[in-house]
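First up is the structure itself, then whatever we jot down about it.
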Amino acid sequence: MIDWLHPSLVLLVGAALLPLLPAGLRKAWMVLVPLSGLAVIFGLEPGQFGQIEFLGMTLVTGRVDELSLVFAYVFGIILVIGMIFALHVKDSVQHVAALTYAGSALGAVLAGDLVTLYVFWELMVITSVWLIWRRGSEVSFASGMRYLIIHALGGVLLLAGVIVYYQTTGSLAFEQIESASAAFYLILAAFLINAAVPPLHAWLADAYPEATVTGAVFLSALTTKTAVYVLMRGYAGVELLMWLGVIMTWYGVVYAVLANDIRRILAYHIISQVGYMVCAVGLGTTLALNGASAHAFTHILYKALLFMGAGAVIHMTGKSKLTELGGLYRYMPWTFVLFMVGAVSISGLPLFSGFVSKTIIIEAAAVEGRGLIYLMLLTAGAGTFLSIGLKLAWFTFFHQDSGLRPREAPANMLIAMALAAVLCFLIGVVPGPLYAILPAPIDYNAWTIGHVLKELQLLLFTGLAFFLLLGFVGGKNKIALDVDWLYRGGGRTAVLAASGGISAANTRIRRNLLDALKAWMGRVKKRHGRDGKLARTWPTGSMAFWVAVLLASLLVFGIRQH
Amino acid sequence: MTLLELMPFIVLIPLIASGIVALLPGRILPWLVTLIAALASAVIAALVLPVAISEPPLSYPFGNWPPPFGIEYRVDAANAFVALLVSGMAAITLLWAPKRVASEIHGRLGTFYALFLLAVAGLLGITLTGDAFNVFVFLEISSLATYTLIAYGKDRRALLAAFRYLIMGTVGATFLLIGIAFLYMVTGTLNMADLAERLPELRDNNAVRAALAFIIVGMGLKLALLPLHLWLPNAYAYAPNFVTAFLAGTATKVALYVMLRFIFTVFAPDYSFVVLPLSTVLMVLAVAGMFAGSWVAMFQIHLKRMLAYSSIAQVGYMVLGVSLATATGLTAAFLHLFNHALIKTALFMAVGCVMYRTGSAKLDDLRGLGRQMPWTLTAFALAGLSIIGVPTTAGFISKWYLVLASIETGAWWLVVLILITSLMAVYYIWRVIEAAWFSDRPAGAAVVREAPLALLVPTWLVVALNFYFGIDTRLTVGASMAAADALLGSGVGLP
């Protein structure tokens, strides 16, 4: 334990100390803690560490190998960037939540057994929900509550799965899960909820747009990517995932085209992008898994960048709907430029990070001979570019003059965005270092004429189509119904109707039962209260009597047998 | 000086120090010497424990008289573990003592602390000695010191409580003496190991049977096994807070240890559990104690009495583990012996903090106090979680092993009973939390400040230990298993 420091521990302890510090030191602490966490992560050596014996189970809190390292690295990086982005926020609840949330996501990624995974999994949920609630609005409270309920369900499924798994296999080690028992489906369902796979995805598009400006950055990076990691670890090569992934890529894109809130558009694109990764996990080849890890790495960076850009706009203008924004490039030029770096990265424009990772997955589908998958993954990219690179950017920063005159975002926000943007660009230009840390050695060159031309063609024609159809693609101030309607509207109506009847019956039963119980308790208290039979201060003689009784009975028994 | 030569000093340091402390003037100096003595004794006990676990028993002959002729200190995992508990709890409660004793006992404290050291030395002596008569001698030393300590209580009822305890305790000690005398009569030896060798030949001797019965009843009395518990509630309730905190963690535990030592080492389980219906008797009394103790605790309005009755219930858990007569059952008994000491001491310390400020331990006077003494009552609530047996607390670990032991023997119904009594614990702890946080301060009640740090820090230390041993169980479970093995010996089991 001592010779190995768990990076989560650094973050959790740092988070615990944060509120105790004087306000003046908190900003320095907010940078120092993530940086030391990052330093610990970069110091990790492959192996099994931090083993704890607990109630006869061997828990491995630190399994470090190539796969967990990729995720640990990028979690560490994004935590530093996200904390810098949040430096101006005075609410230390959010900072504590963010640090513990990142710490628990790291813990989940490094967990070598299912119990440790479960503990960190639940911790992620209860810490991350504060990043939604601290927005302080009623909408955010309600959507945080829905987020909590759905993830609590996921937690229960996971726990049930772990128990069944332990019962059937006798092992708690977290490895590839064989499809022999119910545990396979229980754990898979829990993972799919976190990965936001339709129809279990609605919490994401529901909650992320309502989160705090700075909290959404962490949310976008950690929960779904942890899910991708656990899917890679436990469910690589399950064909079902391939199809679910492809559906996700398109599902997200379609809903993003319909959405109006800028962060809801981004949230739907998380679903779409995670779709690429889930699909790659389903393909299960070495190339595909490499692609999934690489894409998770780049995705966290550019998606955080996009959320930071959108967050900066919301922070400065107070508006979040496309129909209310416009013409901002003049007033927030840096935000605009940095946001565009993220936008072209997610679209897979050559020279930016999305290009070097997404194409690996597409290539993997092609190598496997999955024609339909290949085509759908490729074309979904066009939709991404359409809604983020063009629609979102155009209607936020150009289009009409909305009358808003915001100032440029504060320096800490710009610095954080610049860090992410530089990384997006560097990875796009020099993908070598990223490829070097992937789980398996990779022999892949993104920069073939074919790849570049194909992407460019796709993006250029999307652009052309966008400007031709400009009148039709703008955000409409309407609500696009998604699965969450079931439990928001229909579900609630049904529950309310049922609960009316139940609560009436409940009141009746309670009244009767409570009356009976109260009367009984009254009697009991009278008899067993302070001077009740058992509680009375008995005279010494009574105790001597009991001694005699006990001794006599023991002696009688002992000698009778003789 | 080797570890073996150091070992007797666990007992000798407090014994000798008590003579010195009795002569010291003032209030601070006696405490300081007492603390140093207790710490020294705890350090040696901590050094001895790992050796006792990994190696055969350490035997130290006093005055170089080889056993069985002379008195021998014989230390294996079982008594090393209990000795560490006793000396450790003495040291920890002493850290808490000065501030608390200051407002309860007036005048010079030399005599008080000397008596405390005598009680500690007595308990440690009982634990470490390998000589049956020596057990009785140390039992009397510790008991007499304890009666006096209880009589120090501010409440005049403390005198009566101490007197009642004196009478009953003496009955218990006499029973032990009668039992030992029977054994000496038929075997001619007092050394425990020697007794263990000679007794198997005397299986059918009635005197030996009577000896076992006397010893069990005698120790059952010191252990507060229902229905022999009647001395305990008042003694705990009216003793000075510091004395209660120490006794609750140690006195009954040592009595349990003696009982185990006689049942398992001296008589061997294949004798004790066959000749007497010990399994049944202990199990019935244990379950009755679990229920009666928790039940009465649920309706108590005096916090210290409530905790005292809860102790009777907890003793039931330990005896239940013993009555199963399996390795796991004994492990659970030892675990709970250790963990319950941590839990109950923490709870009594928290109540002591409340009494320091309000002067009352009545539930009604606690109303609305949660906002005025948040640290104290949070400590109480956390220790309460431990007594309920919430995961990540020490209380959970011992209950878990007790449940495992019950399942192992196929006694599923015991699991249900354990769960029900845990729910009863939820009730009596919740009453305190409800009063402290969910009721309003009665109009006209004095405004109370948080307890001083000198009380809070040791209290929280014990609370922290509760959580530490709820998560890192290597020390407790390892030592308890070794202790159970040491008692059961190799290859000795139930027929």
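Labels for the structure tokens follow display order: chains A, B, ..., residues from 1 in each chain, ligands from 1.
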
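Residue list for chain B within 8 Å of chain A: Arg164, Ile167, Met168, Asp204, Asn206, Arg209, Ala210, Ala213, Phe214, Val217, Leu221, Pro227, Leu228, Leu230, Asn234, Val275, Leu276, Pro277, Ala292, Val296, Phe299, Gln300, Ile301, Ile397, Ile471, Asp472, Thr473 and Arg474 of chain B, counting only C-alpha atoms.
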
I want to know what sits within 6 Å of Ser310 of chain B, based on only C-alpha atoms, with residues of the same chain fewer than 3 positions away left out; could you give that as a VMD selection string? chain B and resid 293 to 294 297 307 313

Please provide the set of residues having any atom within 12 Å of Pro46 of chain A, restricted to only C-alpha atoms, with same-chain residues fewer than 2 positions apart removed, written as a ChimeraX atom specification. /A:4,41-44,48-49,62-70,110,439

Just the selected residues (N, CA and C atoms), exported as a PDB file, in the first residue's frame, please.
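For reference, selection.pdb as written:
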```
ATOM      1  N   TRP A   4       2.915   2.232  -3.061  1.00  0.00           N
ATOM      2  CA  TRP A   4       2.168   2.532  -4.276  1.00  0.00           C
ATOM      3  C   TRP A   4       1.059   3.503  -3.926  1.00  0.00           C
ATOM      4  N   ILE A  41      -0.295   9.872 -11.957  1.00  0.00           N
ATOM      5  CA  ILE A  41      -0.764   9.029 -13.063  1.00  0.00           C
ATOM      6  C   ILE A  41       0.367   8.766 -14.045  1.00  0.00           C
ATOM      7  N   PHE A  42       1.132   9.801 -14.356  1.00  0.00           N
ATOM      8  CA  PHE A  42       2.214   9.594 -15.314  1.00  0.00           C
ATOM      9  C   PHE A  42       3.325   8.737 -14.720  1.00  0.00           C
ATOM     10  N   GLY A  43       3.368   8.647 -13.398  1.00  0.00           N
ATOM     11  CA  GLY A  43       4.377   7.801 -12.764  1.00  0.00           C
ATOM     12  C   GLY A  43       3.962   6.349 -12.644  1.00  0.00           C
ATOM     13  N   LEU A  44       2.724   6.007 -13.076  1.00  0.00           N
ATOM     14  CA  LEU A  44       2.242   4.637 -12.882  1.00  0.00           C
ATOM     15  C   LEU A  44       3.025   3.642 -13.737  1.00  0.00           C
ATOM     16  N   GLN A  48      -0.128  -4.955 -10.829  1.00  0.00           N
ATOM     17  CA  GLN A  48      -1.284  -5.010  -9.935  1.00  0.00           C
ATOM     18  C   GLN A  48      -0.869  -4.429  -8.597  1.00  0.00           C
ATOM     19  N   PHE A  49      -1.582  -3.401  -8.177  1.00  0.00           N
ATOM     20  CA  PHE A  49      -1.182  -2.737  -6.941  1.00  0.00           C
ATOM     21  C   PHE A  49      -2.361  -2.572  -6.016  1.00  0.00           C
ATOM     22  N   GLY A  62      -5.706  -1.208  -7.817  1.00  0.00           N
ATOM     23  CA  GLY A  62      -4.894  -0.594  -8.861  1.00  0.00           C
ATOM     24  C   GLY A  62      -4.414  -1.607  -9.873  1.00  0.00           C
ATOM     25  N   ARG A  63      -5.186  -1.784 -10.958  1.00  0.00           N
ATOM     26  CA  ARG A  63      -4.691  -2.613 -12.054  1.00  0.00           C
ATOM     27  C   ARG A  63      -4.212  -1.673 -13.141  1.00  0.00           C
ATOM     28  N   VAL A  64      -2.934  -1.626 -13.333  1.00  0.00           N
ATOM     29  CA  VAL A  64      -2.373  -0.717 -14.317  1.00  0.00           C
ATOM     30  C   VAL A  64      -1.885  -1.544 -15.500  1.00  0.00           C
ATOM     31  N   ASP A  65      -2.510  -1.368 -16.664  1.00  0.00           N
ATOM     32  CA  ASP A  65      -1.966  -1.962 -17.887  1.00  0.00           C
ATOM     33  C   ASP A  65      -2.177  -0.971 -19.018  1.00  0.00           C
ATOM     34  N   GLU A  66      -1.865  -1.382 -20.234  1.00  0.00           N
ATOM     35  CA  GLU A  66      -1.912  -0.422 -21.342  1.00  0.00           C
ATOM     36  C   GLU A  66      -3.301   0.181 -21.479  1.00  0.00           C
ATOM     37  N   LEU A  67      -4.319  -0.660 -21.321  1.00  0.00           N
ATOM     38  CA  LEU A  67      -5.680  -0.184 -21.558  1.00  0.00           C
ATOM     39  C   LEU A  67      -6.102   0.833 -20.500  1.00  0.00           C
ATOM     40  N   SER A  68      -5.888   0.488 -19.215  1.00  0.00           N
ATOM     41  CA  SER A  68      -6.342   1.431 -18.193  1.00  0.00           C
ATOM     42  C   SER A  68      -5.493   2.698 -18.209  1.00  0.00           C
ATOM     43  N   LEU A  69      -4.243   2.562 -18.653  1.00  0.00           N
ATOM     44  CA  LEU A  69      -3.377   3.750 -18.660  1.00  0.00           C
ATOM     45  C   LEU A  69      -3.875   4.814 -19.625  1.00  0.00           C
ATOM     46  N   VAL A  70      -4.325   4.403 -20.836  1.00  0.00           N
ATOM     47  CA  VAL A  70      -4.793   5.394 -21.816  1.00  0.00           C
ATOM     48  C   VAL A  70      -5.863   6.269 -21.185  1.00  0.00           C
ATOM     49  N   LEU A 110      -9.124   2.080 -12.862  1.00  0.00           N
ATOM     50  CA  LEU A 110      -7.991   1.303 -12.355  1.00  0.00           C
ATOM     51  C   LEU A 110      -8.430   0.068 -11.565  1.00  0.00           C
ATOM     52  N   PRO A 439      -3.426   0.470 -26.445  1.00  0.00           N
ATOM     53  CA  PRO A 439      -3.294  -0.853 -25.800  1.00  0.00           C
ATOM     54  C   PRO A 439      -2.432  -1.829 -26.591  1.00  0.00           C
TER      55      PRO A 439
END
```

Contact residues around segment 133-135 of chain B with only C-alpha atoms at 8 Å, ignoring same-chain residues under 3 positions, as a list in words: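 Returned residues: Ile71, Gly125, Ile126, Thr127, Thr129, Gly130, Phe138, Leu139, Leu177, Ile180 and Leu190 of chain B.
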
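Considering the residues B:Met306, B:Leu404, B:Ala114, B:Ala482 and counting only C-alpha atoms, Tyr427 of chain B has its shortest atom-to-atom contact with B:Met306.
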
Just list as a VMD selection string whatever in segment 22-138 of chain B DSSP marks as alpha helix (DSSP H). chain B and resid 22 to 23 28 to 54 77 to 102 110 to 128 132 to 138

Which residues are close to segment 184-187 of chain A, i.e. within 12 Å by only C-alpha atoms, leaving aside same-chain residues fewer than 6 positions away? Reply as an NGL selection string. :A and (114 or 117-118 or 153-166 or 168-169 or 174-178 or 193-194 or 227 or 230-231 or 234-235 or 238 or 240)

Which residue of A:Ala411, A:Ala207, A:Ile270, A:Ala16 approaches Val139 of chain A most closely, using only C-alpha atoms: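 Using only C-alpha atoms, Val139 of chain A sits closest to A:Ala207.
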
Which residue, B:Leu199, B:Val416, B:Met355, B:Leu232, has the smallest gap to Leu455 of chain B when you use only C-alpha atoms?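 The answer is B:Met355, which sits nearest to Leu455 of chain B.
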
What's around Arg261 of chain B at 10 Å? Count only C-alpha atoms, leave out sequence neighbours fewer than 6 positions away in its own chain, and write the answer as a PyMOL selection string. chain B and resi 78-79+127+130+192+255+267-268+486-488

Leu11 of chain A: which residues within 9 Å, counting only C-alpha atoms, same-chain residues fewer than 3 positions away excluded, as an MDAnalysis selection string? chainID A and resid 7:8 14:16 33:34 36:37 99:100 102:104

Distance in Å - atom CA of Phe461 of chain A versus atom CA of Pro431 of chain A: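 So the two atoms, atom CA of Phe461 of chain A and atom CA of Pro431 of chain A, lie 26.3 Å apart.
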
Measuring atom to atom with only C-alpha atoms, identify which of A:Thr379, A:Asn412, A:Asn445, A:Thr462 is nearest to Val80 of chain A.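 The answer is A:Asn412, which sits nearest to Val80 of chain A.
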
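Nearest-residue note for Val171 of chain B: choosing from B:Met219, B:Ala132, B:Leu385, B:Ile28, the minimum distance belongs to B:Met219, counting only C-alpha atoms.
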
My list of candidates is B:Met298, B:Ile312, B:Pro269, B:Lys362. Which is closest to Ala327 of chain B when distances are computed with only C-alpha atoms?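 Among the listed residues, B:Pro269 lies closest to Ala327 of chain B.
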